[in-house]
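Reproduced below: model.cif, with mmCIF, N, CA and C atoms.
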```
data_start
#
loop_
_atom_site.label_atom_id
_atom_site.label_comp_id
_atom_site.auth_asym_id
_atom_site.auth_seq_id
_atom_site.Cartn_x
_atom_site.Cartn_y
_atom_site.Cartn_z
N GLN A 7 148.32 79.14 105.40
CA GLN A 7 146.90 79.42 105.46
C GLN A 7 146.55 80.61 104.59
N LEU A 8 145.38 80.56 104.01
CA LEU A 8 144.86 81.68 103.24
C LEU A 8 143.46 81.98 103.71
N GLN A 9 143.14 83.25 103.82
CA GLN A 9 141.78 83.69 104.09
C GLN A 9 141.30 84.45 102.86
N LEU A 10 140.12 84.10 102.40
CA LEU A 10 139.58 84.68 101.18
C LEU A 10 138.25 85.35 101.49
N VAL A 11 138.07 86.55 100.96
CA VAL A 11 136.83 87.30 101.17
C VAL A 11 136.35 87.84 99.83
N GLU A 12 135.14 87.42 99.46
CA GLU A 12 134.56 87.88 98.20
C GLU A 12 133.72 89.13 98.41
N SER A 13 133.60 89.92 97.36
CA SER A 13 132.71 91.09 97.37
C SER A 13 132.32 91.40 95.95
N GLY A 14 131.32 92.27 95.80
CA GLY A 14 130.94 92.73 94.47
C GLY A 14 129.66 92.13 93.92
N GLY A 15 129.07 91.20 94.65
CA GLY A 15 127.83 90.62 94.17
C GLY A 15 126.68 91.62 94.26
N GLY A 16 125.56 91.24 93.67
CA GLY A 16 124.39 92.11 93.71
C GLY A 16 123.35 91.68 92.71
N LEU A 17 122.37 92.53 92.51
CA LEU A 17 121.29 92.29 91.56
C LEU A 17 121.56 93.08 90.28
N VAL A 18 121.47 92.42 89.16
CA VAL A 18 121.71 93.07 87.88
C VAL A 18 120.69 92.56 86.87
N GLN A 19 120.37 93.38 85.91
CA GLN A 19 119.44 92.97 84.86
C GLN A 19 120.16 92.09 83.84
N PRO A 20 119.42 91.25 83.14
CA PRO A 20 120.03 90.45 82.07
C PRO A 20 120.77 91.35 81.09
N GLY A 21 121.97 90.92 80.71
CA GLY A 21 122.80 91.72 79.84
C GLY A 21 123.73 92.67 80.57
N GLY A 22 123.53 92.80 81.86
CA GLY A 22 124.35 93.71 82.65
C GLY A 22 125.68 93.11 83.06
N SER A 23 126.41 93.88 83.86
CA SER A 23 127.76 93.49 84.27
C SER A 23 127.95 93.62 85.77
N LEU A 24 128.81 92.78 86.29
CA LEU A 24 129.27 92.88 87.67
C LEU A 24 130.75 92.53 87.70
N ARG A 25 131.43 93.09 88.67
CA ARG A 25 132.83 92.74 88.89
C ARG A 25 132.98 92.20 90.30
N LEU A 26 133.31 90.93 90.40
CA LEU A 26 133.53 90.32 91.70
C LEU A 26 135.01 90.46 92.07
N SER A 27 135.23 90.64 93.36
CA SER A 27 136.60 90.74 93.87
C SER A 27 136.82 89.69 94.94
N CYS A 28 138.02 89.20 95.00
CA CYS A 28 138.42 88.24 96.03
C CYS A 28 139.70 88.78 96.67
N ALA A 29 139.60 89.11 97.94
CA ALA A 29 140.76 89.62 98.68
C ALA A 29 141.35 88.48 99.50
N ALA A 30 142.65 88.34 99.39
CA ALA A 30 143.33 87.25 100.09
C ALA A 30 144.29 87.78 101.13
N SER A 31 144.37 87.08 102.23
CA SER A 31 145.37 87.39 103.24
C SER A 31 145.99 86.09 103.69
N GLY A 32 147.23 86.15 104.08
CA GLY A 32 147.94 84.96 104.48
C GLY A 32 149.24 84.85 103.70
N SER A 33 149.89 83.76 103.90
CA SER A 33 151.22 83.62 103.33
C SER A 33 151.19 83.05 101.92
N THR A 34 152.26 83.32 101.20
CA THR A 34 152.55 82.68 99.92
C THR A 34 151.39 82.76 98.94
N TRP A 35 150.81 83.90 98.86
CA TRP A 35 149.70 84.12 97.92
C TRP A 35 150.12 83.78 96.50
N ASN A 36 151.33 84.13 96.14
CA ASN A 36 151.80 83.94 94.78
C ASN A 36 151.98 82.48 94.40
N SER A 37 151.88 81.58 95.34
CA SER A 37 152.00 80.15 95.06
C SER A 37 150.64 79.48 94.93
N ALA A 38 149.60 80.25 94.86
CA ALA A 38 148.26 79.68 94.83
C ALA A 38 147.58 79.90 93.48
N ALA A 39 146.93 78.87 92.99
CA ALA A 39 145.99 79.01 91.89
C ALA A 39 144.65 79.42 92.49
N ILE A 40 143.94 80.28 91.81
CA ILE A 40 142.69 80.82 92.33
C ILE A 40 141.55 80.48 91.38
N GLY A 41 140.43 80.09 91.95
CA GLY A 41 139.27 79.78 91.14
C GLY A 41 138.02 80.48 91.64
N TRP A 42 137.09 80.67 90.73
CA TRP A 42 135.75 81.15 91.06
C TRP A 42 134.77 80.01 90.78
N PHE A 43 133.94 79.75 91.75
CA PHE A 43 132.91 78.73 91.63
C PHE A 43 131.55 79.37 91.91
N ARG A 44 130.51 78.71 91.46
CA ARG A 44 129.18 79.22 91.76
C ARG A 44 128.26 78.06 92.07
N GLN A 45 127.23 78.39 92.84
CA GLN A 45 126.23 77.39 93.18
C GLN A 45 124.86 78.04 93.20
N ALA A 46 123.98 77.52 92.37
CA ALA A 46 122.59 77.96 92.35
C ALA A 46 121.76 77.02 93.21
N PRO A 47 120.63 77.48 93.72
CA PRO A 47 119.79 76.63 94.57
C PRO A 47 119.42 75.32 93.88
N GLY A 48 119.66 74.22 94.57
CA GLY A 48 119.29 72.91 94.04
C GLY A 48 120.28 72.33 93.04
N LEU A 49 121.33 73.06 92.76
CA LEU A 49 122.31 72.58 91.78
C LEU A 49 123.67 72.40 92.45
N ALA A 50 124.49 71.59 91.80
CA ALA A 50 125.83 71.36 92.31
C ALA A 50 126.72 72.57 92.07
N ARG A 51 127.73 72.71 92.90
CA ARG A 51 128.70 73.78 92.70
C ARG A 51 129.49 73.51 91.43
N GLU A 52 129.73 74.54 90.64
CA GLU A 52 130.49 74.36 89.41
C GLU A 52 131.60 75.39 89.29
N GLY A 53 132.68 74.96 88.68
CA GLY A 53 133.80 75.87 88.46
C GLY A 53 133.50 76.79 87.29
N VAL A 54 133.69 78.08 87.52
CA VAL A 54 133.39 79.09 86.51
C VAL A 54 134.67 79.53 85.79
N SER A 55 135.70 79.79 86.56
CA SER A 55 136.94 80.26 85.98
C SER A 55 138.06 80.09 86.99
N CYS A 56 139.28 79.98 86.49
CA CYS A 56 140.43 79.92 87.39
C CYS A 56 141.63 80.57 86.71
N ILE A 57 142.62 80.90 87.53
CA ILE A 57 143.82 81.55 87.03
C ILE A 57 145.03 80.97 87.73
N GLY A 58 146.09 80.76 86.98
CA GLY A 58 147.30 80.19 87.55
C GLY A 58 148.03 81.18 88.44
N ARG A 59 149.19 80.76 88.92
CA ARG A 59 149.97 81.57 89.85
C ARG A 59 150.33 82.93 89.27
N TYR A 60 150.55 82.94 87.99
CA TYR A 60 150.96 84.18 87.34
C TYR A 60 149.97 84.51 86.24
N VAL A 61 149.99 85.74 85.85
CA VAL A 61 149.15 86.16 84.71
C VAL A 61 149.56 85.35 83.49
N GLY A 62 148.59 84.89 82.75
CA GLY A 62 148.89 84.18 81.52
C GLY A 62 148.15 82.87 81.38
N TYR A 63 147.84 82.21 82.50
CA TYR A 63 147.09 80.97 82.40
C TYR A 63 145.71 81.17 83.00
N THR A 64 144.70 80.96 82.19
CA THR A 64 143.33 81.04 82.68
C THR A 64 142.51 79.90 82.08
N ASN A 65 141.39 79.62 82.72
CA ASN A 65 140.50 78.56 82.26
C ASN A 65 139.07 79.01 82.55
N TYR A 66 138.16 78.64 81.67
CA TYR A 66 136.78 79.09 81.82
C TYR A 66 135.81 77.95 81.54
N LEU A 67 134.70 77.99 82.23
CA LEU A 67 133.56 77.15 81.92
C LEU A 67 133.07 77.55 80.52
N ASP A 68 132.71 76.58 79.72
CA ASP A 68 132.33 76.88 78.34
C ASP A 68 131.23 77.93 78.25
N SER A 69 130.27 77.86 79.13
CA SER A 69 129.11 78.76 79.03
C SER A 69 129.44 80.21 79.36
N VAL A 70 130.61 80.48 79.92
CA VAL A 70 130.96 81.87 80.25
C VAL A 70 132.08 82.40 79.37
N LYS A 71 132.63 81.58 78.53
CA LYS A 71 133.72 82.04 77.66
C LYS A 71 133.24 83.20 76.78
N GLY A 72 134.08 84.22 76.73
CA GLY A 72 133.73 85.40 75.95
C GLY A 72 132.90 86.41 76.71
N ARG A 73 132.41 86.04 77.88
CA ARG A 73 131.62 86.96 78.69
C ARG A 73 132.30 87.30 80.02
N PHE A 74 133.01 86.34 80.59
CA PHE A 74 133.68 86.54 81.88
C PHE A 74 135.18 86.64 81.66
N THR A 75 135.82 87.43 82.50
CA THR A 75 137.28 87.57 82.45
C THR A 75 137.84 87.54 83.86
N ILE A 76 138.76 86.63 84.08
CA ILE A 76 139.41 86.54 85.39
C ILE A 76 140.78 87.22 85.32
N SER A 77 141.17 87.85 86.41
CA SER A 77 142.48 88.49 86.47
C SER A 77 142.95 88.49 87.92
N ARG A 78 144.23 88.70 88.09
CA ARG A 78 144.77 88.75 89.45
C ARG A 78 145.83 89.83 89.55
N ASP A 79 145.95 90.37 90.74
CA ASP A 79 146.96 91.37 91.05
C ASP A 79 147.75 90.82 92.23
N ASN A 80 148.94 90.30 91.96
CA ASN A 80 149.72 89.66 93.01
C ASN A 80 150.35 90.66 93.97
N VAL A 81 150.33 91.93 93.63
CA VAL A 81 150.83 92.95 94.56
C VAL A 81 149.76 93.28 95.59
N LYS A 82 148.54 93.39 95.12
CA LYS A 82 147.42 93.72 96.01
C LYS A 82 146.77 92.49 96.62
N ASN A 83 147.20 91.30 96.23
CA ASN A 83 146.58 90.05 96.71
C ASN A 83 145.08 90.01 96.38
N MET A 84 144.78 90.32 95.15
CA MET A 84 143.40 90.37 94.71
C MET A 84 143.20 89.53 93.45
N VAL A 85 142.04 88.94 93.34
CA VAL A 85 141.60 88.30 92.11
C VAL A 85 140.24 88.87 91.76
N TYR A 86 140.01 89.08 90.48
CA TYR A 86 138.78 89.69 90.01
C TYR A 86 138.09 88.78 89.00
N LEU A 87 136.79 88.87 88.96
CA LEU A 87 136.01 88.21 87.93
C LEU A 87 135.08 89.25 87.33
N GLN A 88 135.42 89.69 86.13
CA GLN A 88 134.56 90.63 85.40
C GLN A 88 133.52 89.82 84.65
N MET A 89 132.27 90.09 84.93
CA MET A 89 131.18 89.34 84.32
C MET A 89 130.34 90.28 83.49
N ASP A 90 130.35 90.08 82.19
CA ASP A 90 129.56 90.87 81.25
C ASP A 90 128.51 90.01 80.58
N GLY A 91 127.49 90.64 80.04
CA GLY A 91 126.44 89.89 79.36
C GLY A 91 125.79 88.86 80.26
N LEU A 92 125.49 89.25 81.48
CA LEU A 92 124.96 88.28 82.44
C LEU A 92 123.60 87.75 82.02
N LYS A 93 123.41 86.47 82.31
CA LYS A 93 122.18 85.78 82.00
C LYS A 93 121.55 85.26 83.28
N ALA A 94 120.29 84.92 83.21
CA ALA A 94 119.59 84.40 84.39
C ALA A 94 120.30 83.17 84.95
N GLU A 95 120.83 82.35 84.06
CA GLU A 95 121.49 81.11 84.51
C GLU A 95 122.84 81.35 85.16
N ASP A 96 123.32 82.59 85.16
CA ASP A 96 124.57 82.91 85.87
C ASP A 96 124.33 83.19 87.35
N ALA A 97 123.09 83.28 87.75
CA ALA A 97 122.78 83.62 89.15
C ALA A 97 123.21 82.51 90.10
N GLY A 98 123.58 82.92 91.30
CA GLY A 98 123.97 81.96 92.32
C GLY A 98 124.92 82.61 93.31
N VAL A 99 125.40 81.81 94.23
CA VAL A 99 126.42 82.28 95.15
C VAL A 99 127.78 81.99 94.52
N TYR A 100 128.60 82.99 94.44
CA TYR A 100 129.93 82.87 93.84
C TYR A 100 130.97 82.79 94.94
N TYR A 101 131.82 81.79 94.83
CA TYR A 101 132.86 81.55 95.81
C TYR A 101 134.24 81.70 95.18
N CYS A 102 135.13 82.27 95.94
CA CYS A 102 136.54 82.32 95.58
C CYS A 102 137.24 81.18 96.33
N ALA A 103 138.15 80.50 95.66
CA ALA A 103 138.84 79.38 96.28
C ALA A 103 140.29 79.34 95.81
N ALA A 104 141.13 78.64 96.57
CA ALA A 104 142.55 78.61 96.24
C ALA A 104 143.17 77.27 96.61
N TYR A 105 144.24 76.93 95.91
CA TYR A 105 145.06 75.78 96.30
C TYR A 105 146.50 76.06 95.93
N TRP A 106 147.41 75.45 96.68
CA TRP A 106 148.82 75.63 96.40
C TRP A 106 149.23 74.78 95.21
N THR A 107 150.12 75.35 94.40
CA THR A 107 150.64 74.61 93.26
C THR A 107 152.00 75.16 92.87
N VAL A 108 152.81 74.29 92.29
CA VAL A 108 154.12 74.74 91.78
C VAL A 108 154.03 75.08 90.30
N PHE A 109 152.88 74.80 89.71
CA PHE A 109 152.71 75.01 88.28
C PHE A 109 151.90 76.27 88.01
N ASN A 110 152.16 76.86 86.88
CA ASN A 110 151.34 78.00 86.46
C ASN A 110 150.16 77.47 85.66
N SER A 111 149.27 76.82 86.37
CA SER A 111 148.07 76.26 85.75
C SER A 111 146.98 76.24 86.82
N CYS A 112 145.80 75.81 86.45
CA CYS A 112 144.71 75.72 87.42
C CYS A 112 143.68 74.74 86.92
N ALA A 113 142.85 74.28 87.86
CA ALA A 113 141.81 73.31 87.53
C ALA A 113 140.46 73.87 87.94
N LEU A 114 139.41 73.43 87.27
CA LEU A 114 138.06 73.85 87.62
C LEU A 114 137.34 72.82 88.47
N ALA A 115 138.08 71.91 89.04
CA ALA A 115 137.52 70.87 89.89
C ALA A 115 137.57 71.33 91.34
N SER A 116 136.41 71.39 92.00
CA SER A 116 136.37 71.94 93.35
C SER A 116 137.19 71.13 94.34
N GLU A 117 137.33 69.83 94.11
CA GLU A 117 138.08 68.99 95.07
C GLU A 117 139.56 69.34 95.10
N GLN A 118 140.01 70.09 94.12
CA GLN A 118 141.42 70.51 94.08
C GLN A 118 141.70 71.62 95.08
N TYR A 119 140.69 72.33 95.52
CA TYR A 119 140.85 73.56 96.28
C TYR A 119 140.77 73.31 97.78
N ASN A 120 141.69 73.96 98.48
CA ASN A 120 141.78 73.77 99.93
C ASN A 120 141.19 74.93 100.74
N TYR A 121 141.14 76.10 100.13
CA TYR A 121 140.70 77.29 100.86
C TYR A 121 139.52 77.92 100.12
N TRP A 122 138.52 78.31 100.89
CA TRP A 122 137.29 78.84 100.33
C TRP A 122 136.86 80.09 101.07
N GLY A 123 136.30 81.03 100.31
CA GLY A 123 135.63 82.15 100.93
C GLY A 123 134.20 81.79 101.26
N ARG A 124 133.47 82.76 101.81
CA ARG A 124 132.09 82.50 102.21
C ARG A 124 131.08 82.80 101.11
N GLY A 125 131.51 83.41 100.05
CA GLY A 125 130.64 83.62 98.92
C GLY A 125 130.00 84.99 98.86
N THR A 126 129.59 85.35 97.65
CA THR A 126 128.85 86.58 97.42
C THR A 126 127.72 86.26 96.44
N GLN A 127 126.55 86.82 96.71
CA GLN A 127 125.36 86.47 95.94
C GLN A 127 125.26 87.30 94.66
N VAL A 128 124.98 86.61 93.57
CA VAL A 128 124.73 87.27 92.29
C VAL A 128 123.31 86.91 91.84
N ALA A 129 122.51 87.91 91.59
CA ALA A 129 121.15 87.70 91.11
C ALA A 129 121.00 88.42 89.77
N VAL A 130 120.38 87.74 88.82
CA VAL A 130 120.18 88.31 87.49
C VAL A 130 118.69 88.25 87.18
N SER A 131 118.07 89.40 87.14
CA SER A 131 116.63 89.43 86.96
C SER A 131 116.22 90.80 86.45
N SER A 132 115.14 90.79 85.65
CA SER A 132 114.59 92.06 85.18
C SER A 132 113.47 92.53 86.08
#
```

Rewrite the structure from the file as structure tokens, please.
Amino acid sequence: QLQLVESGGGLVQPGGSLRLSCAASGSTWNSAAIGWFRQAPGLAREGVSCIGRYVGYTNYLDSVKGRFTISRDNVKNMVYLQMDGLKAEDAGVYYCAAYWTVFNSCALASEQYNYWGRGTQVAVSS
């Protein structure tokens, strides 16, 4: 079992930055791929970024490439999403999610993930 808790959301102006954190507790953290998803009102949940079991494999939604950076600290059981150059369309509830894997890879498909946090709200407005 994994428990995931997101933090770091808030209100930011267009062009600003936020750093989201996902704290994990439970067993075998190092065997999990971690993803960040977001959902805006009236829209489907979409995968934003994910990271494999170890540093080195990452994947990003095309619209956030070059602006967002995912990282993980397997000692602290933390995953981070650094979001720079935020746009209005980045707003929504951001969720941290995880699934077990033997591979150092990850998917941006939500159906792959077994464990979810409750989300943190990101608002982008002037």

- Applied to the shown file, which residues does the PyMOL selection byres ((chain A and resi 35) around 8) return, written as a ChimeraX atom specification? /A:7-8,30-34,36-39,59,80,83

- In terms of the shortest atom-to-atom distance over only N, CA and C atoms, which of A:Cys28, A:Ser13, A:Trp122, A:Asp90 is closest to A:Tyr105?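 Nearest candidate to A:Tyr105 out of A:Cys28, A:Ser13, A:Trp122, A:Asp90: A:Trp122.
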
- Message: What does the structure give for the distance between atom C of A:Gly22 and atom CA of A:Ser132, in Å to one decimal?
- Response: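 Separation of atom C of A:Gly22 and atom CA of A:Ser132: 11.3 Å.
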
- Query: Pick the closest to A:Phe109 from A:Ile76, A:Gly58, A:Gly53, A:Lys93: which is it, counting only N, CA and C atoms?
  - Reply: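 Once distances to A:Phe109 are computed over only N, CA and C atoms, the minimum belongs to A:Gly58.
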
Spell out the residues picked by the PyMOL selection byres ((chain A and resi 12) around 6.5) here, as a PDB file with N, CA and C atoms, in the frame of the given file.
```
ATOM      1  N   LEU A  10     140.120  84.100 102.400  1.00  0.00           N
ATOM      2  CA  LEU A  10     139.580  84.680 101.180  1.00  0.00           C
ATOM      3  C   LEU A  10     138.250  85.350 101.490  1.00  0.00           C
ATOM      4  N   VAL A  11     138.070  86.550 100.960  1.00  0.00           N
ATOM      5  CA  VAL A  11     136.830  87.300 101.170  1.00  0.00           C
ATOM      6  C   VAL A  11     136.350  87.840  99.830  1.00  0.00           C
ATOM      7  N   SER A  13     133.600  89.920  97.360  1.00  0.00           N
ATOM      8  CA  SER A  13     132.710  91.090  97.370  1.00  0.00           C
ATOM      9  C   SER A  13     132.320  91.400  95.950  1.00  0.00           C
ATOM     10  N   GLY A  14     131.320  92.270  95.800  1.00  0.00           N
ATOM     11  CA  GLY A  14     130.940  92.730  94.470  1.00  0.00           C
ATOM     12  C   GLY A  14     129.660  92.130  93.920  1.00  0.00           C
ATOM     13  N   GLY A  15     129.070  91.200  94.650  1.00  0.00           N
ATOM     14  CA  GLY A  15     127.830  90.620  94.170  1.00  0.00           C
ATOM     15  C   GLY A  15     126.680  91.620  94.260  1.00  0.00           C
ATOM     16  N   SER A  27     135.230  90.640  93.360  1.00  0.00           N
ATOM     17  CA  SER A  27     136.600  90.740  93.870  1.00  0.00           C
ATOM     18  C   SER A  27     136.820  89.690  94.940  1.00  0.00           C
ATOM     19  N   CYS A  28     138.020  89.200  95.000  1.00  0.00           N
ATOM     20  CA  CYS A  28     138.420  88.240  96.030  1.00  0.00           C
ATOM     21  C   CYS A  28     139.700  88.780  96.670  1.00  0.00           C
ATOM     22  N   ALA A  29     139.600  89.110  97.940  1.00  0.00           N
ATOM     23  CA  ALA A  29     140.760  89.620  98.680  1.00  0.00           C
ATOM     24  C   ALA A  29     141.350  88.480  99.500  1.00  0.00           C
ATOM     25  N   CYS A 102     135.130  82.270  95.940  1.00  0.00           N
ATOM     26  CA  CYS A 102     136.540  82.320  95.580  1.00  0.00           C
ATOM     27  C   CYS A 102     137.240  81.180  96.330  1.00  0.00           C
ATOM     28  N   GLY A 123     136.300  81.030 100.310  1.00  0.00           N
ATOM     29  CA  GLY A 123     135.630  82.150 100.930  1.00  0.00           C
ATOM     30  C   GLY A 123     134.200  81.790 101.260  1.00  0.00           C
ATOM     31  N   ARG A 124     133.470  82.760 101.810  1.00  0.00           N
ATOM     32  CA  ARG A 124     132.090  82.500 102.210  1.00  0.00           C
ATOM     33  C   ARG A 124     131.080  82.800 101.110  1.00  0.00           C
ATOM     34  N   GLY A 125     131.510  83.410 100.050  1.00  0.00           N
ATOM     35  CA  GLY A 125     130.640  83.620  98.920  1.00  0.00           C
ATOM     36  C   GLY A 125     130.000  84.990  98.860  1.00  0.00           C
ATOM     37  N   THR A 126     129.590  85.350  97.650  1.00  0.00           N
ATOM     38  CA  THR A 126     128.850  86.580  97.420  1.00  0.00           C
ATOM     39  C   THR A 126     127.720  86.260  96.440  1.00  0.00           C
TER      40      THR A 126
END
```

- Message: Which polymer residues, whether protein, DNA or RNA, lie within 10 Å of the coordinate (125.2, 78.8, 95.8) when you count only C-alpha atoms? List them as a ChimeraX atom specification, using the chain letters and numbers from the file.
- Response: /A:43-52,97-101,125-128

8 Å contact set for A:Leu67, all atoms listed in the file, chain neighbours under 4 positions out, as a PDB file with N, CA and C atoms, keeping the file's coordinate frame:
```pdb
ATOM      1  N   GLU A  52     129.730  74.540  90.640  1.00  0.00           N
ATOM      2  CA  GLU A  52     130.490  74.360  89.410  1.00  0.00           C
ATOM      3  C   GLU A  52     131.600  75.390  89.290  1.00  0.00           C
ATOM      4  N   GLY A  53     132.680  74.960  88.680  1.00  0.00           N
ATOM      5  CA  GLY A  53     133.800  75.870  88.460  1.00  0.00           C
ATOM      6  C   GLY A  53     133.500  76.790  87.290  1.00  0.00           C
ATOM      7  N   VAL A  54     133.690  78.080  87.520  1.00  0.00           N
ATOM      8  CA  VAL A  54     133.390  79.090  86.510  1.00  0.00           C
ATOM      9  C   VAL A  54     134.670  79.530  85.790  1.00  0.00           C
ATOM     10  N   SER A  55     135.700  79.790  86.560  1.00  0.00           N
ATOM     11  CA  SER A  55     136.940  80.260  85.980  1.00  0.00           C
ATOM     12  C   SER A  55     138.060  80.090  86.990  1.00  0.00           C
ATOM     13  N   CYS A  56     139.280  79.980  86.490  1.00  0.00           N
ATOM     14  CA  CYS A  56     140.430  79.920  87.390  1.00  0.00           C
ATOM     15  C   CYS A  56     141.630  80.570  86.710  1.00  0.00           C
ATOM     16  N   LYS A  71     132.630  81.580  78.530  1.00  0.00           N
ATOM     17  CA  LYS A  71     133.720  82.040  77.660  1.00  0.00           C
ATOM     18  C   LYS A  71     133.240  83.200  76.780  1.00  0.00           C
ATOM     19  N   GLY A  72     134.080  84.220  76.730  1.00  0.00           N
ATOM     20  CA  GLY A  72     133.730  85.400  75.950  1.00  0.00           C
ATOM     21  C   GLY A  72     132.900  86.410  76.710  1.00  0.00           C
ATOM     22  N   LEU A 114     139.410  73.430  87.270  1.00  0.00           N
ATOM     23  CA  LEU A 114     138.060  73.850  87.620  1.00  0.00           C
ATOM     24  C   LEU A 114     137.340  72.820  88.470  1.00  0.00           C
TER      25      LEU A 114
END
```

- So which one's closest to A:Asp79, A:Val61, A:Gly16, A:Leu92, A:Asn110? Using only C-alpha atoms, please.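 Ranking A:Val61, A:Gly16, A:Leu92, A:Asn110 by distance to A:Asp79, first place goes to A:Val61.
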
If you keep all heavy atoms, can you output stretch 95-102 of chain A as a compact mmCIF listing (two decimals), in the first residue's frame?
```txt
# COMPACT_ATOMS: atom_id res chain seq x y z
N GLU A 95 -4.08 27.82 -18.86
CA GLU A 95 -4.54 26.45 -19.17
C GLU A 95 -3.87 25.39 -18.30
O GLU A 95 -4.23 24.21 -18.38
CB GLU A 95 -4.32 26.13 -20.65
CG GLU A 95 -2.92 26.38 -21.14
CD GLU A 95 -2.76 27.73 -21.82
OE1 GLU A 95 -3.34 28.72 -21.31
OE2 GLU A 95 -2.05 27.79 -22.84
N ASP A 96 -2.91 25.77 -17.47
CA ASP A 96 -2.30 24.82 -16.54
C ASP A 96 -3.11 24.68 -15.25
O ASP A 96 -2.82 23.81 -14.42
CB ASP A 96 -0.88 25.26 -16.17
CG ASP A 96 0.07 25.22 -17.34
OD1 ASP A 96 0.01 24.25 -18.12
OD2 ASP A 96 0.87 26.17 -17.47
N ALA A 97 -4.10 25.52 -15.07
CA ALA A 97 -4.88 25.50 -13.83
C ALA A 97 -5.69 24.22 -13.70
O ALA A 97 -6.12 23.63 -14.70
CB ALA A 97 -5.80 26.71 -13.79
N GLY A 98 -5.88 23.80 -12.46
CA GLY A 98 -6.68 22.61 -12.19
C GLY A 98 -6.25 21.99 -10.88
O GLY A 98 -5.39 22.53 -10.17
N VAL A 99 -6.85 20.86 -10.58
CA VAL A 99 -6.43 20.09 -9.42
C VAL A 99 -5.34 19.12 -9.88
O VAL A 99 -5.54 18.37 -10.84
CB VAL A 99 -7.60 19.33 -8.79
CG1 VAL A 99 -7.12 18.52 -7.59
CG2 VAL A 99 -8.70 20.30 -8.37
N TYR A 100 -4.23 19.15 -9.21
CA TYR A 100 -3.10 18.28 -9.55
C TYR A 100 -3.04 17.12 -8.57
O TYR A 100 -3.07 17.30 -7.35
CB TYR A 100 -1.80 19.08 -9.51
CG TYR A 100 -1.58 19.89 -10.75
CD1 TYR A 100 -2.37 21.01 -11.03
CD2 TYR A 100 -0.58 19.55 -11.67
CE1 TYR A 100 -2.19 21.75 -12.18
CE2 TYR A 100 -0.38 20.29 -12.83
CZ TYR A 100 -1.19 21.39 -13.08
OH TYR A 100 -1.00 22.12 -14.22
N TYR A 101 -2.95 15.93 -9.14
CA TYR A 101 -2.92 14.71 -8.36
C TYR A 101 -1.59 13.98 -8.55
O TYR A 101 -1.07 13.90 -9.66
CB TYR A 101 -4.03 13.75 -8.80
CG TYR A 101 -5.43 14.30 -8.63
CD1 TYR A 101 -6.04 15.01 -9.66
CD2 TYR A 101 -6.13 14.09 -7.45
CE1 TYR A 101 -7.32 15.51 -9.52
CE2 TYR A 101 -7.42 14.58 -7.30
CZ TYR A 101 -8.01 15.29 -8.34
OH TYR A 101 -9.28 15.77 -8.19
N CYS A 102 -1.12 13.42 -7.48
CA CYS A 102 0.03 12.53 -7.51
C CYS A 102 -0.51 11.10 -7.51
O CYS A 102 -1.48 10.80 -6.80
CB CYS A 102 0.88 12.79 -6.27
SG CYS A 102 2.30 11.71 -6.07
```
